[in-house]
$ cat upload09.txt   # compact mmCIF, C-alpha atoms
# COMPACT_ATOMS: atom_id res chain seq x y z
CA MET A 1242 29.54 21.17 15.02
CA GLU A 1243 29.77 17.68 16.49
CA ARG A 1244 30.41 15.14 13.76
CA GLY A 1245 31.17 11.46 13.45
CA SER A 1246 34.21 9.87 11.87
CA ARG A 1247 35.31 7.07 9.59
CA ASP A 1248 37.41 5.90 12.53
CA SER A 1249 34.26 5.02 14.51
CA PHE A 1250 33.69 1.90 12.41
CA THR A 1251 35.90 -0.65 14.15
CA ARG A 1252 33.79 -3.61 15.34
CA MET A 1253 31.59 -6.07 13.49
CA GLY A 1254 28.37 -7.53 14.86
CA THR A 1255 27.93 -5.70 18.16
CA LEU A 1256 24.39 -4.65 19.06
CA GLY A 1257 22.59 -1.75 20.64
CA ILE A 1258 18.82 -1.38 21.12
CA GLU A 1259 16.94 1.87 21.68
CA GLU A 1260 13.27 1.82 22.65
CA GLU A 1261 10.88 4.74 22.81
CA CYS A 1262 8.01 4.13 25.23
CA PHE A 1263 5.08 5.98 26.78
CA VAL A 1264 4.70 7.18 30.35
CA VAL A 1265 1.13 6.41 31.41
CA ASP A 1266 -0.96 6.74 34.57
CA ASP A 1267 -2.65 4.04 36.65
CA ASP A 1268 -5.34 3.69 33.98
CA GLY A 1269 -2.81 3.37 31.17
CA ARG A 1270 -3.54 6.83 29.78
CA PRO A 1271 -0.73 9.11 28.55
CA THR A 1272 0.60 11.53 31.15
CA SER A 1273 3.54 13.89 31.50
CA GLY A 1274 6.12 12.10 33.61
CA THR A 1275 9.52 12.38 31.98
CA ASP A 1276 10.64 15.36 34.06
CA GLU A 1277 10.29 13.29 37.22
CA LEU A 1278 11.74 10.10 35.75
CA VAL A 1279 14.65 11.65 33.85
CA TYR A 1280 15.57 14.78 35.82
CA GLU A 1281 14.09 14.74 39.32
CA HIS A 1282 14.97 11.22 40.46
CA ASP A 1283 18.06 9.10 39.89
CA PRO A 1284 17.23 6.03 37.81
CA PRO A 1285 18.55 2.52 38.56
CA GLU A 1286 22.25 2.09 37.85
CA ILE A 1287 21.79 0.29 34.53
CA LEU A 1288 19.79 3.27 33.23
CA ARG A 1289 22.38 5.88 34.21
CA ASP A 1290 23.20 7.82 31.02
CA ARG A 1291 20.83 5.48 29.13
CA LEU A 1292 17.53 7.17 29.94
CA ASP A 1293 16.22 10.24 28.14
CA HIS A 1294 12.99 11.71 26.90
CA GLU A 1295 11.67 12.62 23.49
CA LEU A 1296 9.69 15.57 22.18
CA PHE A 1297 6.67 15.04 24.43
CA LYS A 1298 6.80 14.66 28.20
CA PHE A 1299 5.02 11.32 27.94
CA VAL A 1300 7.61 9.70 25.62
CA ILE A 1301 10.71 8.23 27.25
CA GLU A 1302 13.69 6.48 25.65
CA THR A 1303 16.10 3.82 26.87
CA GLN A 1304 19.33 2.55 25.36
CA THR A 1305 20.99 -0.74 26.14
CA PRO A 1306 24.68 -0.95 26.95
CA LEU A 1307 26.84 -2.20 24.10
CA ILE A 1308 25.95 -5.86 23.52
CA GLU A 1309 29.12 -7.72 22.57
CA ASP A 1310 27.49 -11.12 22.03
CA PRO A 1311 24.09 -11.37 20.30
CA GLU A 1312 23.24 -14.22 22.70
CA ASP A 1313 23.11 -11.58 25.45
CA ALA A 1314 20.55 -9.40 23.69
CA ARG A 1315 17.52 -10.96 25.39
CA GLU A 1316 18.66 -10.59 28.97
CA THR A 1317 20.10 -7.12 28.34
CA LEU A 1318 16.84 -5.86 26.86
CA LEU A 1319 14.78 -7.40 29.65
CA GLU A 1320 17.06 -5.98 32.32
CA ILE A 1321 16.67 -2.48 30.85
CA ARG A 1322 12.89 -2.90 30.66
CA ARG A 1323 12.62 -4.14 34.23
CA ALA A 1324 14.66 -1.21 35.46
CA LEU A 1325 12.47 1.27 33.58
CA VAL A 1326 9.22 -0.26 34.81
CA ASP A 1327 10.50 -0.38 38.40
CA HIS A 1328 11.68 3.24 38.20
CA ALA A 1329 8.31 4.35 36.84
CA THR A 1330 6.36 2.34 39.44
CA ASP A 1331 8.41 3.85 42.28
CA HIS A 1332 7.20 7.29 41.21
CA GLY A 1333 3.57 6.52 40.44
CA TYR A 1334 3.68 5.76 36.72
CA GLN A 1335 3.43 2.85 34.31
CA ILE A 1336 5.17 2.29 30.97
CA ALA A 1337 3.45 1.36 27.70
CA ALA A 1338 4.65 0.82 24.15
CA ALA A 1339 3.28 1.00 20.60
CA GLY A 1340 4.06 3.04 17.51
CA LEU A 1341 1.48 5.60 18.65
CA HIS A 1342 -0.53 5.55 21.83
CA PRO A 1343 -4.13 5.10 20.64
CA LEU A 1344 -5.54 7.54 23.21
CA ALA A 1345 -2.87 10.24 22.88
CA LYS A 1346 -4.09 13.58 21.55
CA TRP A 1347 -1.14 15.79 20.80
CA GLN A 1348 -3.00 19.06 21.39
CA GLU A 1349 -3.60 18.03 25.02
CA LEU A 1350 -0.05 16.87 25.83
CA GLU A 1351 2.98 18.83 27.00
CA HIS A 1352 6.12 19.26 24.95
CA ALA A 1353 9.52 18.80 26.58
CA GLU A 1354 11.48 21.90 27.52
CA LYS A 1355 14.88 20.62 26.42
CA PRO A 1356 16.51 23.29 24.19
CA ARG A 1357 17.08 20.79 21.37
CA TYR A 1358 13.37 20.05 21.13
CA ARG A 1359 12.33 23.67 21.59
CA SER A 1360 14.57 24.51 18.63
CA GLN A 1361 12.98 21.78 16.54
CA LEU A 1362 9.48 22.96 17.42
CA ASP A 1363 10.38 26.49 16.37
CA ARG A 1364 12.05 25.44 13.11
CA ILE A 1365 9.77 22.60 11.98
CA GLN A 1366 6.47 23.80 13.42
CA TYR A 1367 3.28 21.72 12.86
CA PRO A 1368 4.84 18.39 11.80
CA GLN A 1369 6.94 18.32 14.96
CA HIS A 1370 4.24 19.74 17.22
CA ARG A 1371 2.09 16.66 16.52
CA ASN A 1372 4.89 14.05 16.58
CA THR A 1373 3.77 11.61 19.28
CA THR A 1374 5.53 8.68 17.60
CA ALA A 1375 7.59 5.96 19.29
CA GLY A 1376 9.80 3.37 17.63
CA VAL A 1377 12.56 0.83 18.05
CA HIS A 1378 16.07 1.46 16.75
CA VAL A 1379 18.55 -1.39 16.28
CA HIS A 1380 22.28 -0.69 15.91
CA VAL A 1381 24.60 -3.31 14.44
CA GLY A 1382 28.33 -2.67 14.55
CA VAL A 1383 30.28 -2.62 11.27
CA ASP A 1384 34.07 -2.67 11.09
CA ASP A 1385 34.58 -0.51 8.00
CA ALA A 1386 32.98 2.80 7.03
CA ASP A 1387 32.57 2.08 3.31
CA LYS A 1388 31.14 -1.33 4.17
CA ALA A 1389 28.62 0.32 6.50
CA VAL A 1390 27.39 2.66 3.77
CA TRP A 1391 27.12 -0.24 1.29
CA ILE A 1392 25.12 -2.26 3.81
CA ALA A 1393 22.83 0.69 4.54
CA ASN A 1394 22.18 1.06 0.80
CA GLU A 1395 21.19 -2.61 0.57
CA LEU A 1396 19.08 -2.55 3.73
CA ARG A 1397 16.70 -0.02 2.20
CA TRP A 1398 14.86 -2.83 0.42
CA TYR A 1399 14.45 -4.76 3.70
CA VAL A 1400 13.03 -1.80 5.64
CA PRO A 1401 9.42 -2.42 4.50
CA ILE A 1402 9.60 -6.07 5.59
CA ILE A 1403 10.41 -5.04 9.14
CA LEU A 1404 7.88 -2.20 9.10
CA ALA A 1405 5.09 -4.48 7.86
CA LEU A 1406 5.85 -7.04 10.55
CA SER A 1407 6.04 -4.37 13.26
CA ALA A 1408 2.82 -2.54 12.29
CA ASN A 1409 1.39 -1.46 15.64
CA SER A 1410 -0.15 1.99 15.28
CA PRO A 1411 -3.59 2.12 13.65
CA TYR A 1412 -4.86 5.00 15.81
CA TRP A 1413 -3.64 8.57 15.88
CA ASN A 1414 -5.13 11.47 17.79
CA GLY A 1415 -8.14 9.32 18.68
CA TYR A 1416 -8.88 8.38 15.08
CA ASP A 1417 -8.65 5.06 13.23
CA THR A 1418 -6.45 5.98 10.29
CA GLY A 1419 -7.18 2.84 8.27
CA LEU A 1420 -3.40 2.28 8.25
CA GLN A 1421 -1.47 -0.45 10.01
CA SER A 1422 1.46 1.83 10.89
CA ALA A 1423 0.25 5.40 11.10
CA ARG A 1424 3.44 6.16 13.05
CA ALA A 1425 5.55 5.74 9.93
CA LYS A 1426 3.38 8.15 7.95
CA ILE A 1427 3.16 10.73 10.76
CA PHE A 1428 6.93 10.64 11.21
CA GLU A 1429 7.54 11.09 7.47
CA ALA A 1430 6.07 14.59 7.73
CA LEU A 1431 9.35 15.68 9.35
CA PRO A 1432 12.29 16.72 7.18
CA ASN A 1433 15.11 14.23 6.53
CA THR A 1434 12.97 11.15 7.12
CA GLY A 1435 11.80 8.13 5.19
CA MET A 1436 13.78 6.18 2.64
CA PRO A 1437 17.28 7.59 2.04
CA THR A 1438 18.90 7.78 -1.37
CA TYR A 1439 21.88 5.69 -2.50
CA PHE A 1440 25.33 6.82 -1.36
CA GLU A 1441 28.36 5.73 -3.38
CA ASP A 1442 30.66 5.35 -0.37
CA TYR A 1443 31.46 6.77 3.04
CA GLU A 1444 32.96 9.95 1.60
CA ALA A 1445 29.69 10.67 -0.22
CA PHE A 1446 27.68 10.20 2.97
CA ASP A 1447 30.18 12.25 4.96
CA ARG A 1448 29.96 15.13 2.45
CA PHE A 1449 26.17 15.03 2.71
CA GLU A 1450 26.20 15.01 6.51
CA ARG A 1451 28.72 17.86 6.58
CA ARG A 1452 26.78 19.94 4.07
CA MET A 1453 23.55 19.53 6.02
CA LEU A 1454 25.33 20.84 9.12
CA GLU A 1455 27.17 23.66 7.38
CA THR A 1456 24.00 24.94 5.69
CA GLU A 1457 22.13 24.76 9.02
CA SER A 1458 19.64 22.36 7.49
CA ILE A 1459 20.11 20.32 10.65
CA ARG A 1460 21.50 21.32 14.04
CA ASP A 1461 23.17 17.98 14.76
CA ARG A 1462 23.72 14.74 12.88
CA GLY A 1463 20.97 13.09 14.94
CA GLU A 1464 18.43 15.07 12.92
CA LEU A 1465 19.07 12.84 9.92
CA TRP A 1466 16.05 10.72 10.81
CA TYR A 1467 16.09 8.28 7.89
CA ASP A 1468 14.75 4.73 8.18
CA VAL A 1469 18.27 3.35 7.93
CA ARG A 1470 21.57 5.17 8.25
CA PRO A 1471 25.24 4.65 8.97
CA HIS A 1472 25.73 6.09 12.46
CA THR A 1473 28.99 7.94 12.18
CA ALA A 1474 29.49 8.30 15.94
CA HIS A 1475 28.68 4.77 17.08
CA GLY A 1476 30.23 2.98 14.11
CA THR A 1477 27.02 1.11 13.37
CA VAL A 1478 24.32 0.70 10.80
CA GLU A 1479 21.10 1.81 12.46
CA LEU A 1480 17.68 0.45 11.46
CA ARG A 1481 15.01 2.87 12.68
CA THR A 1482 11.87 1.47 11.08
CA PRO A 1483 9.90 -0.69 13.61
CA ASP A 1484 6.92 0.57 15.57
CA GLY A 1485 7.26 0.42 19.34
CA GLN A 1486 6.29 -2.91 20.92
CA ALA A 1487 5.04 -3.93 24.36
CA ASP A 1488 6.09 -7.57 23.82
CA PRO A 1489 9.88 -7.98 24.10
CA GLU A 1490 9.79 -11.11 21.93
CA ILE A 1491 8.76 -9.00 18.94
CA VAL A 1492 11.62 -6.57 19.52
CA LEU A 1493 14.06 -9.46 19.88
CA ALA A 1494 12.83 -10.94 16.60
CA PHE A 1495 13.74 -7.71 14.84
CA VAL A 1496 17.10 -7.61 16.62
CA GLU A 1497 17.84 -11.17 15.48
CA TYR A 1498 16.82 -10.38 11.90
CA ALA A 1499 18.70 -7.08 11.74
CA HIS A 1500 21.88 -8.68 13.06
CA ALA A 1501 21.64 -11.58 10.62
CA LEU A 1502 20.93 -9.22 7.71
CA VAL A 1503 23.86 -6.94 8.44
CA CYS A 1504 26.29 -9.82 8.90
CA ALA A 1505 25.10 -11.52 5.69
CA LEU A 1506 25.40 -8.29 3.73
CA ALA A 1507 28.87 -7.73 5.19
CA GLU A 1508 29.91 -11.09 3.75
CA GLU A 1509 28.47 -10.12 0.36
CA TYR A 1510 30.44 -6.88 0.44
CA GLU A 1511 33.65 -8.67 1.37
CA ASP A 1512 33.08 -11.13 -1.49
CA GLY A 1513 32.87 -8.24 -3.93
CA ALA A 1514 29.15 -8.46 -4.68
CA ASP A 1515 27.69 -5.60 -6.70
CA GLY A 1516 24.48 -5.61 -4.69
CA TYR A 1517 21.14 -4.20 -5.74
CA GLY A 1518 21.25 -0.86 -3.94
CA ARG A 1519 22.58 1.18 -6.85
CA ASP A 1520 19.67 0.03 -9.04
CA HIS A 1521 16.91 0.46 -6.46
CA ARG A 1522 14.96 3.61 -7.30
CA ARG A 1523 13.83 5.43 -4.21
CA GLU A 1524 10.33 5.74 -5.69
CA LEU A 1525 9.93 1.94 -5.81
CA LEU A 1526 11.34 1.55 -2.33
CA ASP A 1527 8.83 4.17 -1.17
CA GLU A 1528 6.06 2.14 -2.81
CA ASN A 1529 7.09 -0.89 -0.78
CA LYS A 1530 7.13 1.18 2.37
CA TRP A 1531 3.65 2.50 1.60
CA ARG A 1532 2.40 -1.06 1.14
CA ALA A 1533 3.81 -1.94 4.57
CA ILE A 1534 2.21 1.13 6.16
CA ARG A 1535 -1.18 0.46 4.59
CA HIS A 1536 -1.41 -3.34 4.73
CA GLY A 1537 0.94 -4.57 7.46
CA HIS A 1538 1.00 -8.37 7.57
CA GLU A 1539 -1.16 -8.52 4.43
CA ALA A 1540 1.35 -6.59 2.33
CA SER A 1541 2.67 -7.77 -1.01
CA LEU A 1542 6.03 -6.16 -1.81
CA ILE A 1543 7.94 -5.50 -5.01
CA ASP A 1544 10.77 -8.05 -5.04
CA ARG A 1545 14.46 -7.31 -4.67
CA GLU A 1546 14.99 -7.44 -8.44
CA MET A 1547 12.15 -4.87 -8.79
CA GLU A 1548 10.51 -7.06 -11.42
CA GLY A 1549 7.52 -8.69 -9.66
CA THR A 1550 5.80 -8.92 -6.29
CA ILE A 1551 5.97 -11.32 -3.38
CA ASP A 1552 3.62 -11.77 -0.41
CA LEU A 1553 5.05 -10.96 2.98
CA GLY A 1554 4.46 -14.51 4.27
CA GLU A 1555 6.46 -16.09 1.45
CA LEU A 1556 9.17 -13.50 1.90
CA VAL A 1557 9.40 -14.23 5.62
CA ASP A 1558 9.75 -17.96 4.92
CA ARG A 1559 12.55 -17.30 2.45
CA GLU A 1560 14.40 -14.96 4.79
CA CYS A 1561 14.19 -17.36 7.72
CA GLU A 1562 15.59 -20.19 5.62
CA ARG A 1563 18.28 -18.02 4.03
CA LEU A 1564 19.53 -16.47 7.27
CA GLY A 1565 18.77 -19.23 9.80
CA VAL A 1566 16.45 -17.09 11.91
CA ASP A 1567 12.95 -17.84 13.17
CA GLY A 1568 11.76 -14.86 15.23
CA ILE A 1569 10.18 -12.96 12.36
CA LYS A 1570 8.26 -16.10 11.38
CA ARG A 1571 6.63 -16.18 14.83
CA VAL A 1572 5.83 -12.48 14.56
CA TYR A 1573 4.19 -13.01 11.17
CA GLU A 1574 2.11 -15.96 12.37
CA ARG A 1575 0.47 -14.00 15.19
CA ASP A 1576 -1.97 -11.11 14.82
CA SER A 1577 -0.27 -7.86 14.02
CA GLY A 1578 -0.22 -5.20 16.70
CA ALA A 1579 -2.61 -3.09 14.63
CA GLU A 1580 -5.12 -5.95 14.30
CA ARG A 1581 -4.89 -6.67 18.01
CA GLN A 1582 -5.45 -3.02 18.93
CA ARG A 1583 -8.57 -2.82 16.79
CA ARG A 1584 -9.95 -6.03 18.27
CA LEU A 1585 -9.28 -4.97 21.85
CA LEU A 1586 -10.80 -1.55 21.42
CA GLU A 1587 -14.11 -3.29 20.76
CA GLU A 1588 -13.88 -4.53 24.36
CA GLY A 1589 -13.21 -1.00 25.56
CA PRO A 1590 -10.30 1.39 26.01
CA ASP A 1591 -9.25 -0.17 29.33
CA ALA A 1592 -8.49 -3.52 27.71
CA LEU A 1593 -6.56 -1.80 24.95
CA CYS A 1594 -4.49 0.29 27.35
CA GLU A 1595 -3.69 -2.72 29.50
CA SER A 1596 -2.45 -4.64 26.45
CA LEU A 1597 0.14 -1.93 25.74
CA LEU A 1598 1.87 -2.10 29.13
CA LEU A 1599 5.55 -2.92 28.71
CA GLY A 1600 6.43 -6.59 28.99
CA THR A 1601 9.48 -7.56 31.07
CA GLU A 1602 9.55 -11.34 30.72
$ encode --input "upload09.txt" --output "structure tokens"
Amino acid sequence: MERGSRDSFTRMGTLGIEEECFVVDDDGRPTSGTDELVYEHDPPEILRDRLDHELFKFVIETQTPLIEDPEDARETLLEIRRALVDHATDHGYQIAAAGLHPLAKWQELEHAEKPRYRSQLDRIQYPQHRNTTAGVHVHVGVDDADKAVWIANELRWYVPIILALSANSPYWNGYDTGLQSARAKIFEALPNTGMPTYFEDYEAFDRFERRMLETESIRDRGELWYDVRPHTAHGTVELRTPDGQADPEIVLAFVEYAHALVCALAEEYEDGADGYGRDHRRELLDENKWRAIRHGHEASLIDREMEGTIDLGELVDRECERLGVDGIKRVYERDSGAERQRRLLEEGPDALCESLLLGTE
């Protein structure tokens, strides 16, 4: 059983960005294209070993190289996106992004044949058969394993902020769900998802990961699909909560915020702060996540002390001032992805599909 190690946590503040996107045809409709793009044709050099597919043959994933300097995140992400779009165009496809493709109907789409996914389909059944979700995962390097677990505990309260800001999936299986991020709710139907519990230290997390493997509850550590987790192979804390985004500026806002959060929490840990994680009941964290799923930019969240509520807009202002970031403020001030999708669908499905095509500038 492949496992991670305490020794993986060696570097502070590095970045990695994973994006799940949709392969679409000339009209922007979902189509099976990952076999051609991943297996049948060599991708551009920057995508070598950084291009894969997900459960469905219309969902494709990219990973950036290790980003040593956060100032390089923008150009690295754009370079990866350009390479993916060019690769798709060369073989007759386009690339789109959202938390769920609004016109995707899972019963009509092909599953991938990769043994890992075939195993998951057999074991998990219906929840995985319908899992057409796509998200953004941000990795931030942490230089100590216990510190990484402490940071992940604290980040649980921040997950709903990012989810609410990213809300970009109102439609699923051709139906308006009334949610702002249906992706998050669809994905939670899988085992080992959602808001994780508190872990005392790295040894506690390691015991949990090992037990899940030894009891065959999971086949590999990658099947711990929680919203935030210490990644024991990469030596990072991984935030897995945002919906997929066509606009790179939105992704970069989350990257900026995630990096600033992790670095600030690392300083708190090094200063001996007790933190709030131990006192945060999972049920209340789940309530905040539900509010983000249901209301998106209009959400009001239970505050970090778990004593009152605070509107998302006020919270964004506070976070920007506290951490010296501004990207999430710009995201908040524009229409959410879910609002934009609903508005564009009134113009017709073609306008909506065009709006989801992957941005590269």
$ closest_residue --input "upload09.txt" --among "A:Gly1578, A:Ala1425, A:Pro1311, A:Arg1244" --to "Val1496 of chain A" --atoms "all atoms listed in the file"
A:Pro1311
$ closest_residue --input "upload09.txt" --among "A:Thr1373, A:Thr1477, A:Gln1335, A:Thr1456" --to "Gly1257 of chain A" --atoms "all atoms listed in the file"
A:Thr1477
$ atom_distance --input "upload09.txt" --atom1 "atom CA of Gly1382 of chain A" --atom2 "atom CA of Phe1250 of chain A"
7.4 Å
$ closest_residue --input "upload09.txt" --among "A:Ala1353, A:Leu1344, A:Leu1362, A:Leu1564" --to "Leu1597 of chain A" --atoms "all atoms listed in the file"
A:Leu1344
$ closest_residue --input "upload09.txt" --among "A:Gly1254, A:Gly1513, A:Gly1518, A:Pro1271" --to "Ile1308 of chain A" --atoms "all atoms listed in the file"
A:Gly1254
$ decode --input "upload09.txt" --residues "segment 1435-1457 of chain A" --atoms "N, CA, C and O atoms" --output "PDB file, in the first residue's frame"
ATOM      1  N   GLY A1435     -16.348  15.878   2.292  1.00  0.00           N
ATOM      2  CA  GLY A1435     -16.911  16.900   3.156  1.00  0.00           C
ATOM      3  C   GLY A1435     -15.921  17.413   4.179  1.00  0.00           C
ATOM      4  O   GLY A1435     -14.707  17.410   3.971  1.00  0.00           O
ATOM      5  N   MET A1436     -16.445  17.839   5.299  1.00  0.00           N
ATOM      6  CA  MET A1436     -15.652  18.472   6.344  1.00  0.00           C
ATOM      7  C   MET A1436     -14.986  17.404   7.213  1.00  0.00           C
ATOM      8  O   MET A1436     -15.676  16.595   7.828  1.00  0.00           O
ATOM      9  N   PRO A1437     -13.663  17.368   7.289  1.00  0.00           N
ATOM     10  CA  PRO A1437     -13.011  16.363   8.133  1.00  0.00           C
ATOM     11  C   PRO A1437     -13.133  16.708   9.614  1.00  0.00           C
ATOM     12  O   PRO A1437     -13.441  17.846   9.976  1.00  0.00           O
ATOM     13  N   THR A1438     -12.887  15.724  10.444  1.00  0.00           N
ATOM     14  CA  THR A1438     -12.852  15.960  11.884  1.00  0.00           C
ATOM     15  C   THR A1438     -11.489  16.530  12.286  1.00  0.00           C
ATOM     16  O   THR A1438     -10.576  16.648  11.466  1.00  0.00           O
ATOM     17  N   TYR A1439     -11.380  16.868  13.556  1.00  0.00           N
ATOM     18  CA  TYR A1439     -10.140  17.399  14.129  1.00  0.00           C
ATOM     19  C   TYR A1439      -9.155  16.255  14.384  1.00  0.00           C
ATOM     20  O   TYR A1439      -9.534  15.191  14.880  1.00  0.00           O
ATOM     21  N   PHE A1440      -7.898  16.473  14.006  1.00  0.00           N
ATOM     22  CA  PHE A1440      -6.831  15.511  14.298  1.00  0.00           C
ATOM     23  C   PHE A1440      -5.824  16.159  15.239  1.00  0.00           C
ATOM     24  O   PHE A1440      -5.368  17.280  15.000  1.00  0.00           O
ATOM     25  N   GLU A1441      -5.467  15.433  16.311  1.00  0.00           N
ATOM     26  CA  GLU A1441      -4.610  16.002  17.346  1.00  0.00           C
ATOM     27  C   GLU A1441      -3.225  16.359  16.822  1.00  0.00           C
ATOM     28  O   GLU A1441      -2.634  17.366  17.222  1.00  0.00           O
ATOM     29  N   ASP A1442      -2.679  15.541  15.939  1.00  0.00           N
ATOM     30  CA  ASP A1442      -1.337  15.766  15.421  1.00  0.00           C
ATOM     31  C   ASP A1442      -1.127  14.864  14.214  1.00  0.00           C
ATOM     32  O   ASP A1442      -2.046  14.151  13.788  1.00  0.00           O
ATOM     33  N   TYR A1443       0.094  14.885  13.675  1.00  0.00           N
ATOM     34  CA  TYR A1443       0.354  14.088  12.488  1.00  0.00           C
ATOM     35  C   TYR A1443       0.182  12.596  12.756  1.00  0.00           C
ATOM     36  O   TYR A1443      -0.338  11.859  11.909  1.00  0.00           O
ATOM     37  N   GLU A1444       0.608  12.130  13.926  1.00  0.00           N
ATOM     38  CA  GLU A1444       0.492  10.710  14.236  1.00  0.00           C
ATOM     39  C   GLU A1444      -0.966  10.270  14.212  1.00  0.00           C
ATOM     40  O   GLU A1444      -1.283   9.172  13.755  1.00  0.00           O
ATOM     41  N   ALA A1445      -1.868  11.116  14.698  1.00  0.00           N
ATOM     42  CA  ALA A1445      -3.295  10.780  14.679  1.00  0.00           C
ATOM     43  C   ALA A1445      -3.807  10.679  13.246  1.00  0.00           C
ATOM     44  O   ALA A1445      -4.563   9.754  12.910  1.00  0.00           O
ATOM     45  N   PHE A1446      -3.398  11.620  12.393  1.00  0.00           N
ATOM     46  CA  PHE A1446      -3.820  11.553  10.993  1.00  0.00           C
ATOM     47  C   PHE A1446      -3.205  10.339  10.306  1.00  0.00           C
ATOM     48  O   PHE A1446      -3.868   9.637   9.541  1.00  0.00           O
ATOM     49  N   ASP A1447      -1.947  10.070  10.588  1.00  0.00           N
ATOM     50  CA  ASP A1447      -1.259   8.935   9.981  1.00  0.00           C
ATOM     51  C   ASP A1447      -1.927   7.614  10.373  1.00  0.00           C
ATOM     52  O   ASP A1447      -2.094   6.721   9.538  1.00  0.00           O
ATOM     53  N   ARG A1448      -2.311   7.489  11.648  1.00  0.00           N
ATOM     54  CA  ARG A1448      -3.004   6.272  12.089  1.00  0.00           C
ATOM     55  C   ARG A1448      -4.327   6.103  11.348  1.00  0.00           C
ATOM     56  O   ARG A1448      -4.686   4.998  10.937  1.00  0.00           O
ATOM     57  N   PHE A1449      -5.032   7.218  11.178  1.00  0.00           N
ATOM     58  CA  PHE A1449      -6.305   7.172  10.451  1.00  0.00           C
ATOM     59  C   PHE A1449      -6.091   6.747   9.004  1.00  0.00           C
ATOM     60  O   PHE A1449      -6.779   5.846   8.499  1.00  0.00           O
ATOM     61  N   GLU A1450      -5.137   7.375   8.335  1.00  0.00           N
ATOM     62  CA  GLU A1450      -4.865   7.039   6.938  1.00  0.00           C
ATOM     63  C   GLU A1450      -4.476   5.568   6.810  1.00  0.00           C
ATOM     64  O   GLU A1450      -4.959   4.859   5.919  1.00  0.00           O
ATOM     65  N   ARG A1451      -3.623   5.109   7.723  1.00  0.00           N
ATOM     66  CA  ARG A1451      -3.173   3.714   7.679  1.00  0.00           C
ATOM     67  C   ARG A1451      -4.324   2.748   7.919  1.00  0.00           C
ATOM     68  O   ARG A1451      -4.461   1.732   7.234  1.00  0.00           O
ATOM     69  N   ARG A1452      -5.178   3.079   8.893  1.00  0.00           N
ATOM     70  CA  ARG A1452      -6.297   2.191   9.190  1.00  0.00           C
ATOM     71  C   ARG A1452      -7.276   2.112   8.029  1.00  0.00           C
ATOM     72  O   ARG A1452      -7.814   1.038   7.729  1.00  0.00           O
ATOM     73  N   MET A1453      -7.515   3.230   7.366  1.00  0.00           N
ATOM     74  CA  MET A1453      -8.409   3.214   6.210  1.00  0.00           C
ATOM     75  C   MET A1453      -7.863   2.323   5.100  1.00  0.00           C
ATOM     76  O   MET A1453      -8.618   1.616   4.423  1.00  0.00           O
ATOM     77  N   LEU A1454      -6.553   2.315   4.931  1.00  0.00           N
ATOM     78  CA  LEU A1454      -5.931   1.447   3.930  1.00  0.00           C
ATOM     79  C   LEU A1454      -5.960  -0.013   4.363  1.00  0.00           C
ATOM     80  O   LEU A1454      -6.317  -0.901   3.582  1.00  0.00           O
ATOM     81  N   GLU A1455      -5.608  -0.259   5.610  1.00  0.00           N
ATOM     82  CA  GLU A1455      -5.510  -1.644   6.093  1.00  0.00           C
ATOM     83  C   GLU A1455      -6.872  -2.324   6.157  1.00  0.00           C
ATOM     84  O   GLU A1455      -6.968  -3.545   5.986  1.00  0.00           O
ATOM     85  N   THR A1456      -7.925  -1.568   6.386  1.00  0.00           N
ATOM     86  CA  THR A1456      -9.272  -2.143   6.433  1.00  0.00           C
ATOM     87  C   THR A1456      -9.944  -2.155   5.060  1.00  0.00           C
ATOM     88  O   THR A1456     -11.114  -2.513   4.944  1.00  0.00           O
ATOM     89  N   GLU A1457      -9.196  -1.752   4.029  1.00  0.00           N
ATOM     90  CA  GLU A1457      -9.690  -1.694   2.656  1.00  0.00           C
ATOM     91  C   GLU A1457     -10.917  -0.785   2.538  1.00  0.00           C
ATOM     92  O   GLU A1457     -11.785  -0.993   1.689  1.00  0.00           O
TER      93      GLU A1457
END
